[in-house]
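Shown below: data36.txt, with compact mmCIF, C-alpha atoms.
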# COMPACT_ATOMS: atom_id res chain seq x y z
CA MET F 1 1.51 -21.93 -26.99
CA PRO F 2 3.38 -18.64 -26.48
CA VAL F 3 6.05 -17.74 -29.01
CA THR F 4 9.63 -18.22 -27.82
CA ARG F 5 11.17 -14.75 -27.72
CA VAL F 6 14.85 -14.16 -28.38
CA ARG F 7 17.04 -11.91 -26.25
CA ARG F 8 19.58 -9.71 -28.02
CA PRO F 9 22.45 -8.37 -25.89
CA ARG F 10 22.30 -4.58 -25.58
CA ARG F 11 24.66 -1.77 -24.64
CA TYR F 12 23.14 0.86 -22.40
CA LEU F 13 24.33 4.28 -21.24
CA THR F 14 23.06 5.55 -17.90
CA CYS F 15 23.74 8.36 -15.43
CA GLU F 16 23.81 8.01 -11.64
CA PRO F 17 21.13 10.14 -9.91
CA ARG F 18 23.67 11.54 -7.46
CA PHE F 19 22.21 15.03 -7.82
CA PHE F 20 18.62 14.00 -8.52
CA ASP F 21 16.00 16.40 -7.20
CA VAL F 22 12.74 18.09 -8.22
CA ARG F 23 13.53 21.80 -8.24
CA TYR F 24 11.24 22.91 -11.05
CA ALA F 25 8.16 21.67 -12.90
CA ILE F 26 8.52 21.08 -16.63
CA ASN F 27 5.99 18.25 -16.97
CA PRO F 28 2.71 17.42 -15.19
CA TRP F 29 4.33 14.76 -13.00
CA MET F 30 6.71 17.22 -11.33
CA ARG F 31 5.80 19.16 -8.20
CA GLU F 32 8.24 21.96 -7.48
CA ASP F 33 10.09 21.42 -4.20
CA ALA F 34 8.49 17.98 -3.76
CA PRO F 35 10.32 15.93 -1.10
CA VAL F 36 12.86 13.67 -2.80
CA ASP F 37 14.77 10.80 -1.22
CA THR F 38 18.02 10.84 -3.18
CA ALA F 39 19.35 7.78 -1.35
CA LEU F 40 16.26 5.80 -2.39
CA ALA F 41 16.60 7.06 -5.98
CA LEU F 42 20.20 5.80 -6.01
CA THR F 43 19.20 2.42 -4.56
CA GLN F 44 16.44 1.97 -7.14
CA TRP F 45 18.73 3.06 -9.99
CA HIS F 46 21.40 0.56 -8.91
CA GLY F 47 18.65 -2.08 -8.94
CA LEU F 48 17.94 -1.26 -12.58
CA LEU F 49 21.62 -1.58 -13.52
CA ARG F 50 21.82 -4.87 -11.65
CA ALA F 51 18.80 -6.19 -13.55
CA TYR F 52 20.37 -5.26 -16.90
CA ARG F 53 23.69 -6.89 -16.04
CA ASP F 54 22.02 -9.99 -14.61
CA HIS F 55 20.36 -10.45 -18.01
CA GLY F 56 23.62 -10.17 -19.95
CA HIS F 57 23.61 -6.52 -21.01
CA THR F 58 26.50 -4.06 -20.99
CA VAL F 59 25.94 -0.94 -18.91
CA GLU F 60 28.10 2.17 -19.07
CA THR F 61 27.73 5.41 -17.16
CA VAL F 62 28.28 9.10 -17.79
CA ALA F 63 29.37 11.21 -14.83
CA PRO F 64 26.54 13.30 -13.34
CA VAL F 65 26.97 17.07 -13.17
CA PRO F 66 26.02 19.13 -10.10
CA GLY F 67 23.06 21.38 -10.80
CA LEU F 68 21.57 19.08 -13.46
CA PRO F 69 19.04 17.03 -11.45
CA ASP F 70 17.40 15.46 -14.54
CA MET F 71 20.64 14.19 -16.07
CA VAL F 72 19.72 10.72 -14.80
CA PHE F 73 17.24 10.57 -17.70
CA ALA F 74 19.86 9.50 -20.21
CA ALA F 75 17.41 8.51 -22.94
CA ASN F 76 16.70 12.15 -23.72
CA ALA F 77 20.33 12.91 -24.55
CA ALA F 78 20.58 11.30 -27.99
CA LEU F 79 19.52 8.70 -30.49
CA VAL F 80 22.31 6.29 -31.44
CA LEU F 81 21.73 4.17 -34.53
CA ASP F 82 24.27 2.29 -36.67
CA GLY F 83 27.06 4.03 -34.79
CA ARG F 84 25.77 7.53 -35.61
CA VAL F 85 24.72 9.90 -32.84
CA LEU F 86 22.01 12.52 -33.09
CA GLY F 87 22.46 14.66 -29.98
CA SER F 88 19.88 16.69 -28.11
CA ARG F 89 18.53 20.21 -28.00
CA PHE F 90 16.25 20.40 -24.99
CA HIS F 91 12.99 22.33 -24.90
CA ALA F 92 13.33 23.39 -21.24
CA ALA F 93 16.13 25.80 -20.38
CA GLN F 94 16.83 23.88 -17.16
CA ARG F 95 17.91 20.80 -19.12
CA GLN F 96 19.80 22.42 -21.98
CA PRO F 97 23.26 22.09 -20.34
CA GLU F 98 22.84 18.29 -20.31
CA SER F 99 23.47 18.17 -24.06
CA ALA F 100 27.12 19.21 -23.75
CA ALA F 101 27.83 16.71 -20.96
CA TYR F 102 26.49 13.80 -22.98
CA GLU F 103 28.10 15.02 -26.20
CA LEU F 104 31.48 14.98 -24.44
CA TRP F 105 30.92 11.38 -23.32
CA PHE F 106 30.06 10.27 -26.85
CA LYS F 107 33.05 12.07 -28.34
CA ASN F 108 35.39 10.55 -25.77
CA ALA F 109 33.90 7.15 -26.65
CA GLY F 110 34.85 7.69 -30.31
CA PHE F 111 31.54 8.81 -31.76
CA ASP F 112 30.87 11.79 -33.99
CA VAL F 113 27.88 13.74 -32.72
CA HIS F 114 25.42 15.57 -34.96
CA GLU F 115 23.94 18.52 -33.07
CA PRO F 116 20.29 19.04 -34.03
CA GLN F 117 19.11 22.47 -35.10
CA ALA F 118 15.53 21.89 -33.93
CA VAL F 119 14.33 20.91 -30.46
CA CYS F 120 15.12 17.21 -30.18
CA GLU F 121 14.97 15.11 -27.02
CA GLY F 122 16.63 11.92 -28.20
CA GLU F 123 15.08 8.56 -27.45
CA GLY F 124 12.42 10.34 -25.46
CA ASP F 125 10.72 10.97 -28.81
CA LEU F 126 12.64 8.82 -31.31
CA VAL F 127 12.04 5.05 -31.22
CA PRO F 128 13.69 2.79 -33.82
CA VAL F 129 11.60 -0.28 -34.66
CA GLY F 130 10.81 -2.33 -37.75
CA GLY F 131 13.23 -0.46 -40.02
CA LEU F 132 11.58 2.85 -39.10
CA ILE F 133 12.05 5.62 -36.58
CA LEU F 134 8.80 6.40 -34.79
CA ALA F 135 9.06 10.09 -33.97
CA GLY F 136 6.94 11.84 -31.36
CA THR F 137 5.94 15.50 -31.34
CA GLY F 138 3.38 17.69 -29.64
CA PHE F 139 5.11 18.69 -26.42
CA ARG F 140 8.89 18.45 -26.78
CA THR F 141 10.64 17.32 -29.98
CA ALA F 142 9.87 19.51 -33.01
CA ILE F 143 8.69 18.08 -36.32
CA ALA F 144 11.77 19.60 -37.96
CA ALA F 145 13.91 17.26 -35.85
CA HIS F 146 12.14 14.29 -37.44
CA ALA F 147 13.52 15.39 -40.81
CA GLU F 148 16.99 15.83 -39.30
CA ALA F 149 16.85 12.27 -37.97
CA GLN F 150 15.81 10.89 -41.35
CA GLU F 151 18.62 12.74 -43.14
CA LEU F 152 21.27 11.63 -40.65
CA PHE F 153 20.29 7.98 -40.38
CA GLY F 154 18.71 7.37 -43.80
CA VAL F 155 15.82 5.60 -42.09
CA PRO F 156 12.15 6.41 -42.82
CA THR F 157 10.79 8.53 -40.00
CA VAL F 158 7.11 8.32 -39.05
CA GLY F 159 5.70 11.29 -37.14
CA LEU F 160 3.27 10.60 -34.29
CA ARG F 161 1.44 13.41 -32.48
CA LEU F 162 1.05 13.18 -28.71
CA THR F 163 -2.03 14.95 -27.32
CA ASP F 164 -2.09 14.23 -23.58
CA PRO F 165 0.44 16.27 -21.56
CA LEU F 166 0.81 13.42 -19.07
CA PHE F 167 2.49 11.54 -21.92
CA TYR F 168 4.78 14.33 -23.01
CA HIS F 169 7.43 12.08 -24.59
CA LEU F 170 6.80 9.20 -26.97
CA ASP F 171 8.63 6.85 -24.61
CA THR F 172 5.96 7.40 -21.95
CA ALA F 173 3.26 6.12 -24.32
CA LEU F 174 5.02 3.51 -26.50
CA PHE F 175 8.01 1.17 -26.47
CA ALA F 176 9.54 -1.32 -28.89
CA LEU F 177 9.06 -4.94 -27.86
CA ASP F 178 11.45 -6.31 -30.48
CA GLU F 179 12.43 -5.59 -34.08
CA GLU F 180 8.86 -5.94 -35.31
CA ASN F 181 6.34 -4.93 -32.68
CA VAL F 182 5.46 -2.32 -30.05
CA ALA F 183 3.28 -1.77 -27.01
CA TYR F 184 1.40 1.53 -26.72
CA TYR F 185 -1.47 3.47 -25.16
CA PRO F 186 -3.77 4.71 -27.96
CA GLU F 187 -5.38 7.55 -26.00
CA ALA F 188 -2.04 9.35 -25.76
CA PHE F 189 -2.08 9.97 -29.54
CA SER F 190 -4.05 12.01 -32.04
CA PRO F 191 -6.67 10.09 -34.08
CA GLY F 192 -4.48 10.09 -37.18
CA SER F 193 -1.47 8.82 -35.25
CA ARG F 194 -3.57 6.01 -33.76
CA ALA F 195 -4.59 5.00 -37.27
CA VAL F 196 -0.94 4.95 -38.37
CA LEU F 197 0.02 2.75 -35.41
CA ARG F 198 -2.84 0.35 -36.12
CA ARG F 199 -1.70 0.06 -39.74
CA LEU F 200 1.98 -0.41 -38.91
CA PHE F 201 1.55 -2.70 -35.89
CA PRO F 202 -1.72 -4.64 -36.17
CA ASP F 203 -0.55 -7.11 -33.50
CA ALA F 204 0.66 -4.47 -31.02
CA VAL F 205 0.19 -4.88 -27.29
CA ILE F 206 -2.40 -2.30 -26.23
CA ALA F 207 -1.97 -0.87 -22.74
CA THR F 208 -4.73 0.36 -20.47
CA GLY F 209 -4.81 3.83 -18.99
CA ALA F 210 -3.94 2.40 -15.57
CA ASP F 211 -0.83 0.70 -16.93
CA ALA F 212 0.19 3.83 -18.83
CA MET F 213 -0.23 5.97 -15.71
CA ALA F 214 1.99 3.49 -13.83
CA PHE F 215 4.74 4.18 -16.39
CA GLY F 216 4.33 0.68 -17.78
CA LEU F 217 5.12 1.95 -21.28
CA ASN F 218 8.36 3.58 -20.16
CA SER F 219 9.88 0.12 -20.43
CA VAL F 220 12.94 -1.44 -22.02
CA SER F 221 12.85 -4.73 -23.93
CA ASP F 222 15.76 -6.84 -25.16
CA GLY F 223 13.41 -8.84 -27.37
CA ARG F 224 12.63 -11.35 -24.63
CA HIS F 225 12.93 -9.68 -21.22
CA VAL F 226 10.89 -6.55 -20.59
CA PHE F 227 12.16 -4.35 -17.76
CA ILE F 228 8.96 -2.79 -16.51
CA ALA F 229 7.37 -0.89 -13.62
CA PRO F 230 5.87 -3.49 -11.23
CA GLU F 231 2.64 -1.48 -10.84
CA ALA F 232 1.73 -2.09 -14.51
CA SER F 233 0.10 -5.40 -13.61
CA GLY F 234 -2.25 -5.69 -16.57
CA LEU F 235 0.51 -5.04 -19.08
CA ILE F 236 2.80 -7.48 -17.27
CA ALA F 237 0.15 -10.19 -17.57
CA GLU F 238 -0.36 -9.51 -21.28
CA LEU F 239 3.37 -9.54 -22.01
CA ASP F 240 3.67 -12.86 -20.20
CA ARG F 241 0.79 -14.24 -22.24
CA ARG F 242 2.59 -13.15 -25.43
CA GLY F 243 5.77 -15.03 -24.47
CA TYR F 244 7.84 -12.12 -23.13
CA VAL F 245 9.46 -12.33 -19.71
CA PRO F 246 8.59 -9.31 -17.55
CA VAL F 247 11.34 -8.15 -15.18
CA PRO F 248 9.75 -5.74 -12.68
CA VAL F 249 12.05 -2.90 -11.56
CA GLU F 250 10.86 -0.25 -9.11
CA LEU F 251 11.84 3.36 -9.89
CA SER F 252 9.09 5.10 -7.92
CA GLU F 253 11.36 7.87 -6.63
CA LEU F 254 12.45 8.90 -10.12
CA ARG F 255 8.81 8.98 -11.19
CA LYS F 256 8.46 12.16 -9.13
CA ALA F 257 10.26 13.88 -12.01
CA GLY F 258 8.18 12.13 -14.68
CA GLY F 259 10.76 9.47 -15.51
CA GLY F 260 11.01 5.70 -15.43
CA ILE F 261 13.04 2.79 -16.72
CA LYS F 262 13.36 3.87 -20.34
CA CYS F 263 13.99 7.50 -19.39
CA CYS F 264 17.06 6.28 -17.48
CA THR F 265 18.34 4.18 -20.39
CA GLN F 266 20.10 5.29 -23.55
CA GLU F 267 20.73 2.41 -25.98
CA ILE F 268 23.96 2.54 -27.94
CA ARG F 269 23.30 0.85 -31.27
CA SER F 270 26.71 0.67 -32.92
How does the structure come out when it is put into structure tokens?
Amino acid sequence: MPVTRVRRPRRYLTCEPRFFDVRYAINPWMREDAPVDTALALTQWHGLLRAYRDHGHTVETVAPVPGLPDMVFAANAALVLDGRVLGSRFHAAQRQPESAAYELWFKNAGFDVHEPQAVCEGEGDLVPVGGLILAGTGFRTAIAAHAEAQELFGVPTVGLRLTDPLFYHLDTALFALDEENVAYYPEAFSPGSRAVLRRLFPDAVIATGADAMAFGLNSVSDGRHVFIAPEASGLIAELDRRGYVPVPVELSELRKAGGGIKCCTQEIRS
């Protein structure tokens, strides 16, 4: 019999894709000047917010800024843990102004924000799970930022090296299922990082390449419900078998910029 999974109410920060576009290419998914249907992106994004609220979660929004087409990807703006905020320092010049916009939101919401000295792309590369912070590097977030996160939060930080540019952020190759387990795609990681993940999470859900390419690992879980790309059919079936409840949400238009459900979702852990 499948294990009964327990939902924990979450607080999410998001940003409306009012100015979403693909004007430059800073990851392999982006095609400069690719046709973008902003109205469809907005419709799909509203569908994600509706799914969160329908499942009992709190959703807040930061105002989008003209000229920042990737600001919809709120996860990259920070890591929030125990009420502390580690802000962002983006690798790509095109995204660097996003940091100030998100920092202002957090300050207005009553948070102190620690500005990282090293390149740090928030929850894109920093995933809290099991009393640890799994910390990605290889394409965006610098290893020095892992140490900054550990010092700020006082939580052991485990570095994981990404080796496939298609999976340029940790949250494209791995997500936390609950407080104890993860799902991930092994081939996105270096051999040593795969060994670390096997040791830490022997019962992890292992995704196929097809599910990873469908952005199935750019998912959000509340411990029971997993908000997931509907094309990740194999992963959906395995999650169902494990007692999770998949909630398919289509964000195909945002995928043109290399983003999905998790990219659009910053969790505020206060």
Would you kindly identify which residues have an atom no farther than 10 Å from (18.3, -6.8, -14.5), using all atoms listed in the file and the file's own coordinates, and write them out as a ChimeraX atom specification?
-> /F:46-57,225-227,247-249
Any idea what's packed within 9 Å of Glu180 (chain F), counting all atoms listed in the file, ignoring anything in its chain fewer than 3 positions away? Could you give it as a VMD selection string?
-> chain F and resid 129 to 131 176 to 177 201
With 10 Å as the cut-off and all atoms listed in the file counted, what is the closest atom pair between each nearby residue of region 185-233 of chain F and region 156-169 of chain F? Distances in Å to one decimal, ordered by chain and number, as a Markdown table.
| residue | atom | partner | partner_atom | distance |
| --- | --- | --- | --- | --- |
| F:Tyr185 | CA | F:Phe167 | CA | 9.6 |
| F:Pro186 | CA | F:Leu162 | CA | 9.8 |
| F:Glu187 | CA | F:Asp164 | CA | 7.8 |
| F:Ala188 | CA | F:Asp164 | CA | 5.3 |
| F:Phe189 | CA | F:Leu162 | CA | 4.6 |
| F:Ser190 | CA | F:Arg161 | CA | 5.7 |
| F:Pro191 | CA | F:Arg161 | CA | 8.9 |
| F:Gly192 | CA | F:Arg161 | CA | 8.3 |
| F:Ser193 | CA | F:Leu160 | CA | 5.2 |
| F:Arg194 | CA | F:Leu160 | CA | 8.3 |
| F:Val196 | CA | F:Leu160 | CA | 8.1 |
| F:Leu197 | CA | F:Leu160 | CA | 8.6 |
| F:Ala212 | CA | F:Phe167 | CA | 8.6 |
| F:Met213 | CA | F:Leu166 | CA | 8.2 |
| F:Phe215 | CA | F:Phe167 | CA | 9.5 |
| F:Leu217 | CA | F:Phe167 | CA | 10.0 |
| F:Asn218 | CA | F:His169 | CA | 9.6 |
Please work out which residues fall within 8 Å of (17.8, 16.4, -9.6), coordinates as given in the file, with only C-alpha atoms counting, and return them as an MDAnalysis selection string.
-> chainID F and resid 17:23 67:72
Across F:Gly138, F:Gly243, F:Pro128, F:Pro97, the smallest distance to Gln150 (chain F), with only C-alpha atoms counted, is shown by F:Pro128
Coordinates-based distance that separates CA of Val85 (chain F) from CA of Thr172 (chain F) (Å, one decimal) = 21.8 Å
Option closest in space to Ala210 (chain F), from F:Glu123, F:Glu231, F:Glu250, F:Asp82 [counting only C-alpha atoms] | F:Glu231
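Of the residues listed (F:Pro64, F:Gly209, F:Gly259, F:Pro9), F:Pro9 shows the shortest atom-to-atom separation from Asp222 (chain F); distances use only C-alpha atoms.
Separating CA of Cys15 (chain F) from CA of Ala145 (chain F) is a distance of 24.3 Å.
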Atom pair CA of Gly216 (chain F) + CA of Leu235 (chain F), distance 7.0 Å
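Here the question is which of F:Glu98, F:Asp37, F:Asp112, F:Glu148 gets nearest to Leu126 (chain F) using all atoms listed in the file, and that residue is F:Glu148.
For the residues F:Val127, F:Pro230, F:Arg198, F:Ala92, ranking by smallest atom-to-atom distance to Tyr24 (chain F) using all atoms listed in the file places F:Ala92 first.
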Padding 4 Å on every side, please: axis-aligned box over the listed atoms of region 72-78 of chain F, centre and edge lengths to one decimal in Å, as AutoDock Vina command-line options.
--center_x 18.6 --center_y 10.7 --center_z -21.4 --size_x 11.9 --size_y 12.4 --size_z 21.2
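Excluding Arg255 (chain F) and any residue on its chain fewer than 2 positions from it, the residues at most 10 Å away by all atoms listed in the file are F:Trp29, F:Met30, F:Ala41, F:Ala214, F:Phe215, F:Glu250, F:Leu251, F:Ser252, F:Glu253, F:Ala257, F:Gly258, F:Gly259, F:Gly260, F:Ile261, F:Cys263.
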Using only C-alpha atoms, which of the listed residues (F:Gly234, F:Gly154, F:Gly136, F:Gly223) sits closest to Asn181 (chain F)?
-> F:Gly223
Reconstruct region 91-102 of chain F at the level of all heavy atoms, and format the result as a PDB file, keeping the file's coordinate frame.
ATOM      1  N   HIS F  91      14.025  21.300 -24.878  1.00  0.00           N
ATOM      2  CA  HIS F  91      12.990  22.330 -24.900  1.00  0.00           C
ATOM      3  C   HIS F  91      13.099  23.227 -23.666  1.00  0.00           C
ATOM      4  O   HIS F  91      13.015  24.455 -23.771  1.00  0.00           O
ATOM      5  CB  HIS F  91      11.619  21.651 -24.943  1.00  0.00           C
ATOM      6  CG  HIS F  91      10.462  22.592 -24.936  1.00  0.00           C
ATOM      7  ND1 HIS F  91       9.823  22.989 -23.771  1.00  0.00           N
ATOM      8  CD2 HIS F  91       9.826  23.237 -25.942  1.00  0.00           C
ATOM      9  CE1 HIS F  91       8.850  23.812 -24.073  1.00  0.00           C
ATOM     10  NE2 HIS F  91       8.821  23.980 -25.375  1.00  0.00           N
ATOM     11  N   ALA F  92      13.289  22.636 -22.494  1.00  0.00           N
ATOM     12  CA  ALA F  92      13.330  23.390 -21.240  1.00  0.00           C
ATOM     13  C   ALA F  92      14.741  23.921 -20.993  1.00  0.00           C
ATOM     14  O   ALA F  92      15.720  23.178 -21.092  1.00  0.00           O
ATOM     15  CB  ALA F  92      12.898  22.514 -20.078  1.00  0.00           C
ATOM     16  N   ALA F  93      14.821  25.186 -20.634  1.00  0.00           N
ATOM     17  CA  ALA F  93      16.130  25.800 -20.380  1.00  0.00           C
ATOM     18  C   ALA F  93      16.894  25.069 -19.277  1.00  0.00           C
ATOM     19  O   ALA F  93      18.132  24.968 -19.323  1.00  0.00           O
ATOM     20  CB  ALA F  93      15.944  27.262 -19.993  1.00  0.00           C
ATOM     21  N   GLN F  94      16.171  24.537 -18.291  1.00  0.00           N
ATOM     22  CA  GLN F  94      16.830  23.880 -17.160  1.00  0.00           C
ATOM     23  C   GLN F  94      17.630  22.654 -17.588  1.00  0.00           C
ATOM     24  O   GLN F  94      18.595  22.270 -16.919  1.00  0.00           O
ATOM     25  CB  GLN F  94      15.791  23.454 -16.106  1.00  0.00           C
ATOM     26  CG  GLN F  94      15.062  24.618 -15.442  1.00  0.00           C
ATOM     27  CD  GLN F  94      13.762  24.958 -16.146  1.00  0.00           C
ATOM     28  OE1 GLN F  94      13.627  24.761 -17.367  1.00  0.00           O
ATOM     29  NE2 GLN F  94      12.793  25.468 -15.395  1.00  0.00           N
ATOM     30  N   ARG F  95      17.237  22.033 -18.693  1.00  0.00           N
ATOM     31  CA  ARG F  95      17.910  20.800 -19.120  1.00  0.00           C
ATOM     32  C   ARG F  95      18.923  21.028 -20.241  1.00  0.00           C
ATOM     33  O   ARG F  95      19.676  20.110 -20.585  1.00  0.00           O
ATOM     34  CB  ARG F  95      16.873  19.758 -19.556  1.00  0.00           C
ATOM     35  CG  ARG F  95      15.942  19.315 -18.446  1.00  0.00           C
ATOM     36  CD  ARG F  95      15.252  18.014 -18.784  1.00  0.00           C
ATOM     37  NE  ARG F  95      16.205  16.914 -18.879  1.00  0.00           N
ATOM     38  CZ  ARG F  95      15.879  15.675 -19.244  1.00  0.00           C
ATOM     39  NH1 ARG F  95      14.628  15.388 -19.578  1.00  0.00           N
ATOM     40  NH2 ARG F  95      16.798  14.722 -19.308  1.00  0.00           N
ATOM     41  N   GLN F  96      18.945  22.193 -20.813  1.00  0.00           N
ATOM     42  CA  GLN F  96      19.800  22.420 -21.980  1.00  0.00           C
ATOM     43  C   GLN F  96      21.276  22.133 -21.740  1.00  0.00           C
ATOM     44  O   GLN F  96      21.960  21.602 -22.633  1.00  0.00           O
ATOM     45  CB  GLN F  96      19.575  23.825 -22.515  1.00  0.00           C
ATOM     46  CG  GLN F  96      18.228  23.959 -23.215  1.00  0.00           C
ATOM     47  CD  GLN F  96      17.815  25.379 -23.518  1.00  0.00           C
ATOM     48  OE1 GLN F  96      18.566  26.328 -23.265  1.00  0.00           O
ATOM     49  NE2 GLN F  96      16.620  25.553 -24.060  1.00  0.00           N
ATOM     50  N   PRO F  97      21.846  22.406 -20.552  1.00  0.00           N
ATOM     51  CA  PRO F  97      23.260  22.090 -20.340  1.00  0.00           C
ATOM     52  C   PRO F  97      23.595  20.596 -20.379  1.00  0.00           C
ATOM     53  O   PRO F  97      24.776  20.233 -20.517  1.00  0.00           O
ATOM     54  CB  PRO F  97      23.555  22.685 -18.960  1.00  0.00           C
ATOM     55  CG  PRO F  97      22.517  23.735 -18.758  1.00  0.00           C
ATOM     56  CD  PRO F  97      21.296  23.200 -19.432  1.00  0.00           C
ATOM     57  N   GLU F  98      22.587  19.733 -20.263  1.00  0.00           N
ATOM     58  CA  GLU F  98      22.840  18.290 -20.310  1.00  0.00           C
ATOM     59  C   GLU F  98      23.430  17.870 -21.664  1.00  0.00           C
ATOM     60  O   GLU F  98      24.219  16.921 -21.740  1.00  0.00           O
ATOM     61  CB  GLU F  98      21.558  17.505 -20.068  1.00  0.00           C
ATOM     62  CG  GLU F  98      20.966  17.665 -18.686  1.00  0.00           C
ATOM     63  CD  GLU F  98      19.667  16.903 -18.539  1.00  0.00           C
ATOM     64  OE1 GLU F  98      19.522  15.837 -19.164  1.00  0.00           O
ATOM     65  OE2 GLU F  98      18.777  17.376 -17.800  1.00  0.00           O
ATOM     66  N   SER F  99      23.045  18.562 -22.711  1.00  0.00           N
ATOM     67  CA  SER F  99      23.470  18.170 -24.060  1.00  0.00           C
ATOM     68  C   SER F  99      24.993  18.124 -24.166  1.00  0.00           C
ATOM     69  O   SER F  99      25.564  17.172 -24.719  1.00  0.00           O
ATOM     70  CB  SER F  99      22.904  19.133 -25.100  1.00  0.00           C
ATOM     71  OG  SER F  99      21.498  19.105 -25.107  1.00  0.00           O
ATOM     72  N   ALA F 100      25.669  19.141 -23.637  1.00  0.00           N
ATOM     73  CA  ALA F 100      27.120  19.210 -23.750  1.00  0.00           C
ATOM     74  C   ALA F 100      27.791  18.098 -22.954  1.00  0.00           C
ATOM     75  O   ALA F 100      28.805  17.518 -23.401  1.00  0.00           O
ATOM     76  CB  ALA F 100      27.620  20.567 -23.262  1.00  0.00           C
ATOM     77  N   ALA F 101      27.247  17.764 -21.790  1.00  0.00           N
ATOM     78  CA  ALA F 101      27.830  16.710 -20.960  1.00  0.00           C
ATOM     79  C   ALA F 101      27.754  15.360 -21.665  1.00  0.00           C
ATOM     80  O   ALA F 101      28.729  14.585 -21.667  1.00  0.00           O
ATOM     81  CB  ALA F 101      27.120  16.656 -19.610  1.00  0.00           C
ATOM     82  N   TYR F 102      26.625  15.067 -22.261  1.00  0.00           N
ATOM     83  CA  TYR F 102      26.490  13.800 -22.980  1.00  0.00           C
ATOM     84  C   TYR F 102      27.299  13.805 -24.276  1.00  0.00           C
ATOM     85  O   TYR F 102      27.906  12.794 -24.655  1.00  0.00           O
ATOM     86  CB  TYR F 102      25.011  13.503 -23.261  1.00  0.00           C
ATOM     87  CG  TYR F 102      24.314  12.872 -22.083  1.00  0.00           C
ATOM     88  CD1 TYR F 102      23.526  13.627 -21.220  1.00  0.00           C
ATOM     89  CD2 TYR F 102      24.445  11.523 -21.826  1.00  0.00           C
ATOM     90  CE1 TYR F 102      22.881  13.056 -20.132  1.00  0.00           C
ATOM     91  CE2 TYR F 102      23.808  10.928 -20.744  1.00  0.00           C
ATOM     92  CZ  TYR F 102      23.034  11.702 -19.900  1.00  0.00           C
ATOM     93  OH  TYR F 102      22.414  11.126 -18.820  1.00  0.00           O
TER      94      TYR F 102
END
